[in-house]
>>> print(open('target_39.csv').read())   # CSV, C-alpha atoms
chain,number,residue,atom,x,y,z
A,1,MET,CA,-30.2,18.8,-5.7
A,2,THR,CA,-26.7,20.0,-5.3
A,3,GLY,CA,-23.9,17.6,-4.3
A,4,ALA,CA,-20.2,17.7,-4.1
A,5,ASP,CA,-20.0,16.6,-7.8
A,6,ASP,CA,-21.5,20.1,-8.6
A,7,LEU,CA,-18.2,21.7,-7.6
A,8,PRO,CA,-15.8,22.6,-10.4
A,9,ALA,CA,-13.4,19.8,-11.2
A,10,ASP,CA,-10.3,21.8,-10.4
A,11,VAL,CA,-11.7,22.8,-6.9
A,12,CYS,CA,-12.3,19.1,-6.2
A,13,ALA,CA,-8.8,18.2,-7.3
A,14,LEU,CA,-7.3,21.0,-5.2
A,15,LEU,CA,-9.1,19.8,-2.1
A,16,HIS,CA,-8.3,16.2,-2.8
A,17,GLU,CA,-4.6,16.7,-3.5
A,18,HIS,CA,-3.6,19.6,-1.3
A,19,ILE,CA,-6.1,20.6,1.4
A,20,GLU,CA,-6.1,18.1,4.3
A,21,SER,CA,-7.5,20.2,7.2
A,22,TYR,CA,-9.8,23.1,7.9
A,23,GLU,CA,-6.9,25.2,9.3
A,24,GLN,CA,-5.1,24.6,6.0
A,25,LEU,CA,-8.2,25.8,4.1
A,26,GLU,CA,-8.5,28.9,6.2
A,27,THR,CA,-4.8,29.7,6.1
A,28,LEU,CA,-4.7,29.4,2.3
A,29,LEU,CA,-7.8,31.6,1.9
A,30,LEU,CA,-6.4,34.2,4.3
A,31,LEU,CA,-3.0,34.3,2.6
A,32,ARG,CA,-4.7,34.7,-0.8
A,33,ARG,CA,-7.0,37.5,0.4
A,34,GLU,CA,-4.0,39.4,1.8
A,35,ARG,CA,-1.5,38.2,-0.7
A,36,TYR,CA,0.6,41.4,-0.5
A,37,GLU,CA,1.3,40.8,3.1
A,38,GLU,CA,4.0,38.4,4.5
A,39,TRP,CA,2.8,36.4,7.5
A,40,THR,CA,4.6,34.6,10.3
A,41,GLY,CA,3.1,31.4,11.6
A,42,GLN,CA,2.4,33.1,14.9
A,43,GLY,CA,0.7,36.0,13.1
A,44,LEU,CA,-1.6,33.6,11.3
A,45,ALA,CA,-2.3,31.7,14.5
A,46,ASP,CA,-3.3,34.9,16.3
A,47,ARG,CA,-5.5,36.0,13.4
A,48,LEU,CA,-7.2,32.6,12.9
A,49,ARG,CA,-7.3,31.9,16.7
A,50,VAL,CA,-5.8,28.4,16.5
A,51,GLN,CA,-2.6,26.9,18.0
A,52,ALA,CA,0.6,27.9,16.3
A,53,ASP,CA,1.7,24.3,15.8
A,54,LEU,CA,-1.4,23.5,13.8
A,55,ILE,CA,-0.7,26.5,11.5
A,56,GLY,CA,2.9,25.3,11.2
A,57,THR,CA,1.7,21.9,9.9
A,58,ALA,CA,-0.8,23.6,7.6
A,59,LEU,CA,1.9,25.9,6.2
A,60,ALA,CA,4.4,23.1,5.6
A,61,GLY,CA,1.7,21.2,3.6
A,62,LEU,CA,0.8,24.3,1.6
A,63,GLU,CA,4.5,25.0,0.9
A,64,ALA,CA,5.0,21.5,-0.3
A,65,SER,CA,2.0,21.8,-2.6
A,66,GLY,CA,3.5,24.9,-4.3
A,67,LEU,CA,0.7,27.2,-3.0
A,68,VAL,CA,2.7,29.2,-0.5
A,69,GLN,CA,6.4,30.3,-0.4
A,70,VAL,CA,8.7,31.2,2.4
A,71,LEU,CA,9.9,34.8,1.7
A,72,ALA,CA,12.1,35.4,4.7
A,73,THR,CA,13.6,33.4,7.5
A,74,ALA,CA,14.1,33.8,11.2
A,75,PRO,CA,11.2,34.2,11.8
A,76,ALA,CA,9.9,32.5,8.7
A,77,ARG,CA,7.5,34.7,6.7
A,78,TYR,CA,5.0,33.2,4.3
A,79,ALA,CA,3.0,34.6,1.4
A,80,TYR,CA,0.6,33.2,-1.2
A,81,ARG,CA,2.7,32.3,-4.3
A,82,PRO,CA,1.0,29.6,-6.4
A,83,ALA,CA,3.4,27.7,-8.5
A,84,SER,CA,1.2,27.9,-11.6
A,85,ALA,CA,-1.7,30.0,-13.1
A,86,GLY,CA,-3.9,26.9,-13.0
A,87,LEU,CA,-3.4,26.5,-9.3
A,88,ASP,CA,-4.1,30.1,-8.7
A,89,ALA,CA,-7.4,29.8,-10.8
A,90,ALA,CA,-8.4,26.8,-8.7
A,91,VAL,CA,-7.8,28.6,-5.4
A,92,SER,CA,-9.8,31.6,-6.7
A,93,ARG,CA,-12.7,29.3,-7.6
A,94,LEU,CA,-12.4,27.6,-4.2
A,95,GLU,CA,-12.6,30.9,-2.5
A,96,ARG,CA,-15.9,31.7,-4.4
A,97,GLU,CA,-17.4,28.3,-3.8
A,98,TYR,CA,-16.5,28.4,-0.1
A,99,ALA,CA,-18.2,31.8,0.3
A,100,GLU,CA,-21.3,30.6,-1.5
A,101,ARG,CA,-21.6,26.9,-0.6
A,102,SER,CA,-19.4,26.3,2.4
A,103,ILE,CA,-21.3,23.2,3.4
A,104,LEU,CA,-20.5,21.4,0.1
A,105,ILE,CA,-16.8,22.2,0.6
A,106,ILE,CA,-16.9,20.9,4.2
A,107,GLN,CA,-18.7,17.7,3.1
A,108,LEU,CA,-16.1,17.1,0.4
A,109,MET,CA,-13.2,17.7,2.8
A,110,SER,CA,-14.7,15.3,5.3
A,111,ALA,CA,-15.2,12.6,2.6
A,112,ASN,CA,-11.6,13.1,1.5
A,113,ALA,CA,-10.4,12.8,5.1
A,114,ILE,CA,-12.2,9.5,5.5
A,115,GLU,CA,-10.8,8.2,2.2
A,116,ARG,CA,-7.2,9.2,3.3
A,117,LEU,CA,-7.6,7.3,6.5
A,118,ARG,CA,-8.9,4.2,4.7
A,119,THR,CA,-6.1,4.2,2.1
A,120,ALA,CA,-3.3,5.2,4.4
A,121,ALA,CA,-2.6,1.6,5.4
A,122,LEU,CA,-2.6,0.5,1.8
A,123,HIS,CA,-0.1,3.2,0.8
A,124,THR,CA,2.1,2.1,3.8
A,125,PHE,CA,1.9,-1.5,2.5
A,126,ALA,CA,2.9,-0.6,-1.0
A,127,ASP,CA,5.6,1.8,0.2
A,128,ALA,CA,7.1,-1.0,2.3
A,129,PHE,CA,8.4,-2.6,-0.9
A,130,VAL,CA,10.5,0.4,-1.9
A,131,LEU,CA,14.0,-0.9,-1.2
A,132,ASN,CA,16.2,2.2,-0.9
A,133,ARG,CA,13.8,4.4,1.0
A,134,LYS,CA,15.1,7.8,1.9
A,135,GLY,CA,14.1,9.0,5.3
A,136,ASP,CA,14.0,5.5,6.6
A,137,ASP,CA,14.2,6.8,10.1
A,138,ARG,CA,10.9,8.8,9.9
A,139,GLY,CA,9.0,6.2,11.9
B,1,MET,CA,20.9,-27.7,-10.1
B,2,THR,CA,17.7,-28.7,-11.9
B,3,VAL,CA,15.0,-26.3,-12.9
B,4,ALA,CA,12.8,-27.5,-10.2
B,5,GLU,CA,15.4,-26.9,-7.5
B,6,ALA,CA,15.9,-23.3,-8.9
B,7,VAL,CA,12.2,-22.8,-8.6
B,8,TYR,CA,12.0,-23.8,-5.0
B,9,ILE,CA,15.0,-21.7,-4.1
B,10,LEU,CA,13.7,-18.6,-5.9
B,11,CYS,CA,10.3,-19.0,-4.2
B,12,ALA,CA,12.0,-19.2,-0.8
B,13,ILE,CA,14.2,-16.2,-1.4
B,14,THR,CA,11.2,-14.1,-2.7
B,15,SER,CA,9.2,-15.0,0.4
B,16,ILE,CA,12.0,-14.1,2.7
B,17,LEU,CA,12.5,-10.8,0.9
B,18,CYS,CA,8.8,-9.9,1.1
B,19,ALA,CA,8.7,-10.9,4.8
B,20,ALA,CA,11.7,-8.7,5.6
B,21,LEU,CA,10.4,-5.7,3.7
B,22,LEU,CA,7.0,-5.9,5.3
B,23,LEU,CA,8.5,-6.4,8.8
B,24,ARG,CA,10.7,-3.4,8.2
B,25,GLY,CA,7.6,-1.4,7.1
B,26,TYR,CA,5.7,-2.6,10.2
B,27,ARG,CA,8.5,-1.6,12.5
B,28,ALA,CA,8.6,1.9,10.9
B,29,THR,CA,4.9,2.6,10.8
B,30,ARG,CA,3.2,0.1,13.3
B,31,THR,CA,0.6,-0.6,10.6
B,32,TRP,CA,-1.0,-4.0,11.5
B,33,LEU,CA,-1.8,-4.9,7.9
B,34,LEU,CA,1.9,-5.1,7.2
B,35,PHE,CA,2.5,-7.3,10.3
B,36,TRP,CA,-0.1,-9.9,9.2
B,37,ALA,CA,1.2,-9.9,5.7
B,38,SER,CA,4.8,-10.3,6.9
B,39,ILE,CA,3.8,-13.3,9.1
B,40,CYS,CA,2.2,-14.8,6.0
B,41,PHE,CA,5.4,-14.5,4.1
B,42,VAL,CA,7.4,-15.9,7.0
B,43,PHE,CA,5.3,-19.1,6.8
B,44,LEU,CA,5.4,-19.2,3.0
B,45,ALA,CA,9.2,-19.0,3.3
B,46,ILE,CA,9.1,-21.9,5.8
B,47,ASN,CA,6.9,-23.8,3.3
B,48,ASN,CA,9.3,-23.2,0.5
B,49,VAL,CA,12.3,-24.2,2.5
B,50,ILE,CA,10.7,-27.4,3.7
B,51,LEU,CA,9.5,-28.1,0.1
B,52,TYR,CA,13.1,-27.8,-1.1
B,53,ILE,CA,14.3,-30.2,1.7
B,54,ASP,CA,11.4,-32.6,1.1
B,55,LEU,CA,11.7,-32.8,-2.7
B,56,VAL,CA,15.4,-32.2,-3.4
B,57,VAL,CA,17.5,-33.0,-0.3
B,58,ILE,CA,15.6,-36.1,0.8
B,59,PRO,CA,15.8,-38.8,-1.9
B,60,ALA,CA,12.5,-39.8,-3.4
B,61,SER,CA,13.0,-43.4,-2.2
B,62,SER,CA,13.2,-42.3,1.4
B,63,PRO,CA,10.1,-42.9,3.5
B,64,ILE,CA,10.4,-39.5,5.1
B,65,ASP,CA,7.5,-37.3,3.9
B,66,LEU,CA,7.4,-33.7,5.1
B,67,PHE,CA,4.0,-33.1,3.3
B,68,TRP,CA,2.2,-32.2,6.6
B,69,TYR,CA,4.9,-29.9,7.9
B,70,ARG,CA,5.3,-27.8,4.8
B,71,ASN,CA,1.6,-27.6,4.1
B,72,THR,CA,0.7,-26.8,7.7
B,73,ALA,CA,3.1,-23.9,7.4
B,74,ALA,CA,1.4,-22.7,4.2
B,75,VAL,CA,-2.1,-23.0,5.7
B,76,ILE,CA,-1.1,-21.0,8.7
B,77,GLY,CA,0.5,-18.4,6.4
B,78,VAL,CA,-2.5,-17.9,4.1
B,79,LEU,CA,-5.0,-18.0,6.9
B,80,VAL,CA,-3.1,-15.3,8.9
B,81,LEU,CA,-3.0,-13.2,5.7
B,82,VAL,CA,-6.8,-13.6,5.1
B,83,PHE,CA,-7.4,-12.8,8.8
B,84,GLY,CA,-5.3,-9.6,8.5
B,85,LEU,CA,-6.9,-8.6,5.3
B,86,VAL,CA,-10.4,-9.0,6.7
B,87,TRP,CA,-9.6,-7.5,10.1
B,88,GLU,CA,-7.9,-4.4,8.8
B,89,SER,CA,-10.4,-3.6,6.1
B,90,ARG,CA,-13.2,-1.2,7.2
C,1,MET,CA,-7.2,-35.0,4.0
C,2,LYS,CA,-4.5,-33.9,1.5
C,3,LEU,CA,-7.2,-32.8,-0.9
C,4,PHE,CA,-8.8,-30.8,1.9
C,5,MET,CA,-5.6,-29.1,2.7
C,6,TRP,CA,-5.0,-28.1,-0.9
C,7,GLY,CA,-8.6,-26.9,-1.0
C,8,VAL,CA,-8.1,-24.7,2.0
C,9,LEU,CA,-4.9,-23.3,0.6
C,10,ALA,CA,-6.4,-22.6,-2.8
C,11,MET,CA,-9.5,-21.0,-1.4
C,12,ALA,CA,-7.6,-18.8,1.1
C,13,SER,CA,-5.2,-17.6,-1.6
C,14,LEU,CA,-8.1,-16.8,-3.9
C,15,VAL,CA,-9.7,-14.7,-1.1
C,16,ALA,CA,-6.4,-12.9,-0.6
C,17,ALA,CA,-6.2,-12.3,-4.3
C,18,LEU,CA,-9.6,-10.7,-4.3
C,19,PHE,CA,-8.7,-8.4,-1.4
C,20,PHE,CA,-5.6,-7.3,-3.2
C,21,LEU,CA,-7.7,-6.5,-6.2
C,22,ARG,CA,-9.9,-4.3,-4.0
C,23,TYR,CA,-6.9,-2.6,-2.5
C,24,TRP,CA,-5.7,-1.8,-6.0
C,25,ARG,CA,-9.1,-0.2,-6.8
C,26,GLU,CA,-8.9,1.9,-3.6
C,27,SER,CA,-5.3,3.0,-3.7
C,28,ARG,CA,-4.6,3.0,-7.5
C,29,ASP,CA,-1.2,1.5,-6.8
C,30,ARG,CA,-0.6,-1.3,-9.3
C,31,LEU,CA,1.7,-3.2,-6.9
C,32,PHE,CA,-1.6,-4.6,-5.6
C,33,VAL,CA,-2.4,-6.0,-9.1
C,34,PHE,CA,0.9,-8.0,-9.0
C,35,PHE,CA,0.0,-9.3,-5.5
C,36,ALA,CA,-3.5,-10.3,-6.7
C,37,LEU,CA,-2.0,-12.1,-9.7
C,38,ALA,CA,0.6,-13.8,-7.5
C,39,PHE,CA,-2.0,-15.1,-5.0
C,40,ALA,CA,-4.2,-16.2,-7.9
C,41,GLY,CA,-1.1,-18.1,-9.1
C,42,LEU,CA,-0.7,-19.8,-5.8
C,43,ALA,CA,-4.3,-20.7,-5.8
C,44,ALA,CA,-3.7,-22.3,-9.3
C,45,ASN,CA,-0.7,-24.1,-7.9
C,46,TRP,CA,-2.6,-25.8,-5.1
C,47,THR,CA,-5.7,-26.4,-7.2
C,48,GLY,CA,-3.4,-28.1,-9.8
C,49,LEU,CA,-1.8,-30.3,-7.1
C,50,ALA,CA,-5.3,-31.4,-6.0
C,51,ILE,CA,-6.4,-32.2,-9.5
C,52,ILE,CA,-3.2,-34.1,-10.3
C,53,ASP,CA,-3.5,-35.8,-6.8
C,54,GLN,CA,-0.3,-37.7,-7.4
C,55,PRO,CA,1.7,-37.7,-4.2
C,56,THR,CA,4.2,-40.3,-5.4
C,57,ASP,CA,5.0,-39.2,-8.9
C,58,GLU,CA,7.0,-36.0,-8.5
C,59,ALA,CA,7.3,-35.4,-12.2
C,60,GLN,CA,3.6,-34.9,-12.4
C,61,GLN,CA,3.6,-32.5,-9.4
C,62,LYS,CA,6.2,-30.4,-11.2
C,63,TYR,CA,3.5,-29.1,-13.6
C,64,ALA,CA,1.7,-27.5,-10.7
C,65,TYR,CA,4.9,-25.9,-9.4
C,66,VAL,CA,5.2,-24.0,-12.7
C,67,ALA,CA,2.2,-22.0,-11.4
C,68,ARG,CA,4.1,-21.4,-8.1
C,69,LEU,CA,7.1,-20.2,-10.1
C,70,VAL,CA,4.9,-17.8,-12.1
C,71,ALA,CA,3.4,-16.5,-8.8
C,72,PHE,CA,6.7,-15.6,-7.2
C,73,LEU,CA,8.1,-14.2,-10.5
C,74,VAL,CA,5.0,-11.9,-10.6
C,75,LEU,CA,5.8,-10.8,-7.1
C,76,ILE,CA,9.4,-10.0,-8.0
C,77,ILE,CA,8.3,-8.1,-11.1
C,78,GLY,CA,5.8,-6.2,-9.0
C,79,ILE,CA,8.5,-5.2,-6.5
C,80,PHE,CA,10.9,-4.1,-9.3
C,81,ASP,CA,8.0,-2.1,-10.9
C,82,LYS,CA,7.3,-0.4,-7.6
C,83,ASN,CA,10.9,0.6,-7.1
C,84,ARG,CA,11.2,1.8,-10.7
C,85,ARG,CA,8.2,4.0,-10.3
C,86,SER,CA,9.2,5.5,-6.9
C,87,GLY,CA,12.7,6.1,-8.1
C,88,ARG,CA,11.3,8.3,-10.9
C,89,LEU,CA,9.4,10.5,-8.4
>>> encode(input="target_39.csv", output="structure tokens")
Amino acid sequence: MTGADDLPADVCALLHEHIESYEQLETLLLLRRERYEEWTGQGLADRLRVQADLIGTALAGLEASGLVQVLATAPARYAYRPASAGLDAAVSRLEREYAERSILIIQLMSANAIERLRTAALHTFADAFVLNRKGDDRG
Amino acid sequence: MTVAEAVYILCAITSILCAALLLRGYRATRTWLLFWASICFVFLAINNVILYIDLVVIPASSPIDLFWYRNTAAVIGVLVLVFGLVWESR
Amino acid sequence: MKLFMWGVLAMASLVAALFFLRYWRESRDRLFVFFALAFAGLAANWTGLAIIDQPTDEAQQKYAYVARLVAFLVLIIGIFDKNRRSGRL
């Protein structure tokens, strides 16, 4: 039997911490495969055949996670630039696992998504007690 | 001020603080769990304020007893909280 | 009837404490541990009042209110702790 616990620990951690959607997964893998290219959001959207605003959200998350960097502005151009060697190793293992056992990866991502939904209200509750919250107007 | 008075005042202020923070969080995110919890703390604050009035402001010899008022507020508060916790948990 | 009311309050607080314990397990945010302890403290306060069952002697009741004080102090400490942690991020 193979289950999600068969996946390497760093791949599980990467998916848990940084990959929230399938477009994010595909964007990351595409950027890594063609890491010497610089991509615009629209270019990625055309290549992956999804709406540009979905790619925009995905890229913002990947940038915040230290996986992708903005190399030029107007229009913004993105490239795969992992913040650490460990992160790069995890993405390379993710690429291999996704090629070989994509169903396991998808199962784990779905489980993570359900968990995120479940705990979202709890984190909102706990964050309500932060007194001097920056970005108070985000709601 | 006696120790007992300080305790009642502290409890009241803490309840009001919690209620205000949770209400602010609810308004920002529209998460119902925060709404139910803030209502709970509003009633706990009422409970603490009436407790202070009942045990400190009104002399012990007075026949006025606010027991039912303050504890009804507390019961409403904790029941609303338990309702919210049960309702919002999947 | 007073005993019944204290019983309702104690039981409901205890249930709330258990929920907060579960929320801690799910979210790993220790603010929920403080909430669980606080509501357990409130349950102790109301259980204590019921055990003392002394509506006329306020000196006796004050023992129970120590538990209430502890409960609200735990809440304050929890809120401070939460702010200290998020300030560090």
>>> closest_residue(input="target_39.csv", among="C:Phe34, C:Tyr65, C:Trp6, C:Phe72", to="chain A", atoms="all atoms listed in the file")
C:Phe34
>>> atom_distance(input="target_39.csv", atom1="atom CA of Tyr8 of chain B", atom2="atom CA of Pro59 of chain B")
15.8 Å
>>> interface_residues(input="target_39.csv", of="chain C", to="chain B", cutoff="8 Å", atoms="all atoms listed in the file", output="list in words")
Met5, Val8, Leu9, Ala12, Ser13, Val15, Ala16, Phe19, Lys62, Tyr65, Arg68, Leu69, Phe72, Leu75 and Ile76 of chain C
>>> interface_residues(input="target_39.csv", of="chain A", to="chain B", cutoff="7 Å", atoms="only C-alpha atoms", output="number ranges by chain")
A: 121, 125, 128-129, 139
>>> atom_distance(input="target_39.csv", atom1="atom CA of Ser92 of chain A", atom2="atom CA of Ala45 of chain A")
22.5 Å
>>> atom_distance(input="target_39.csv", atom1="atom CA of Leu131 of chain A", atom2="atom CA of Gly87 of chain C")
9.9 Å
>>> closest_atom_pairs(input="target_39.csv", of="chain A", to="chain C", cutoff="12 Å", atoms="all atoms listed in the file", output="Markdown table")
| residue | atom | partner | partner_atom | distance |
| --- | --- | --- | --- | --- |
| A:Glu115 | CA | C:Glu26 | CA | 8.8 |
| A:Arg116 | CA | C:Ser27 | CA | 9.5 |
| A:Leu117 | CA | C:Ser27 | CA | 11.3 |
| A:Arg118 | CA | C:Glu26 | CA | 8.6 |
| A:Thr119 | CA | C:Ser27 | CA | 6.0 |
| A:Ala120 | CA | C:Ser27 | CA | 8.6 |
| A:Ala121 | CA | C:Ser27 | CA | 9.6 |
| A:Leu122 | CA | C:Ser27 | CA | 6.6 |
| A:His123 | CA | C:Ser27 | CA | 6.9 |
| A:Thr124 | CA | C:Ser27 | CA | 10.6 |
| A:Phe125 | CA | C:Phe32 | CA | 9.4 |
| A:Ala126 | CA | C:Leu31 | CA | 6.6 |
| A:Asp127 | CA | C:Lys82 | CA | 8.3 |
| A:Ala128 | CA | C:Ile79 | CA | 9.9 |
| A:Phe129 | CA | C:Ile79 | CA | 6.2 |
| A:Val130 | CA | C:Asn83 | CA | 5.2 |
| A:Leu131 | CA | C:Asn83 | CA | 6.8 |
| A:Asn132 | CA | C:Asn83 | CA | 8.3 |
| A:Arg133 | CA | C:Ser86 | CA | 9.2 |
| A:Lys134 | CA | C:Gly87 | CA | 10.4 |
>>> residues_around(input="target_39.csv", residues="segment 69-79 of chain A", least_positions_apart="6", cutoff="10 Å", atoms="all atoms listed in the file", output="PyMOL selection string")
chain A and resi 28+30-32+34-44+59-60+62-63
>>> residues_around(input="target_39.csv", residues="Glu17 of chain A", least_positions_apart="4", cutoff="10 Å", atoms="all atoms listed in the file", output="VMD selection string")
chain A and resid 11 to 13 65 112
>>> write_last_selection(input="target_39.csv", atoms="C-alpha atoms", output="PDB file, in the coordinates of the input")
ATOM      1  CA  VAL A  11     -11.700  22.800  -6.900  1.00  0.00           C
ATOM      2  CA  CYS A  12     -12.300  19.100  -6.200  1.00  0.00           C
ATOM      3  CA  ALA A  13      -8.800  18.200  -7.300  1.00  0.00           C
ATOM      4  CA  SER A  65       2.000  21.800  -2.600  1.00  0.00           C
ATOM      5  CA  ASN A 112     -11.600  13.100   1.500  1.00  0.00           C
TER       6      ASN A 112
END
>>> closest_residue(input="target_39.csv", among="B:Ile16, B:Leu66, B:Ala73, B:Val56", to="Phe43 of chain B", atoms="all atoms listed in the file")
B:Ala73
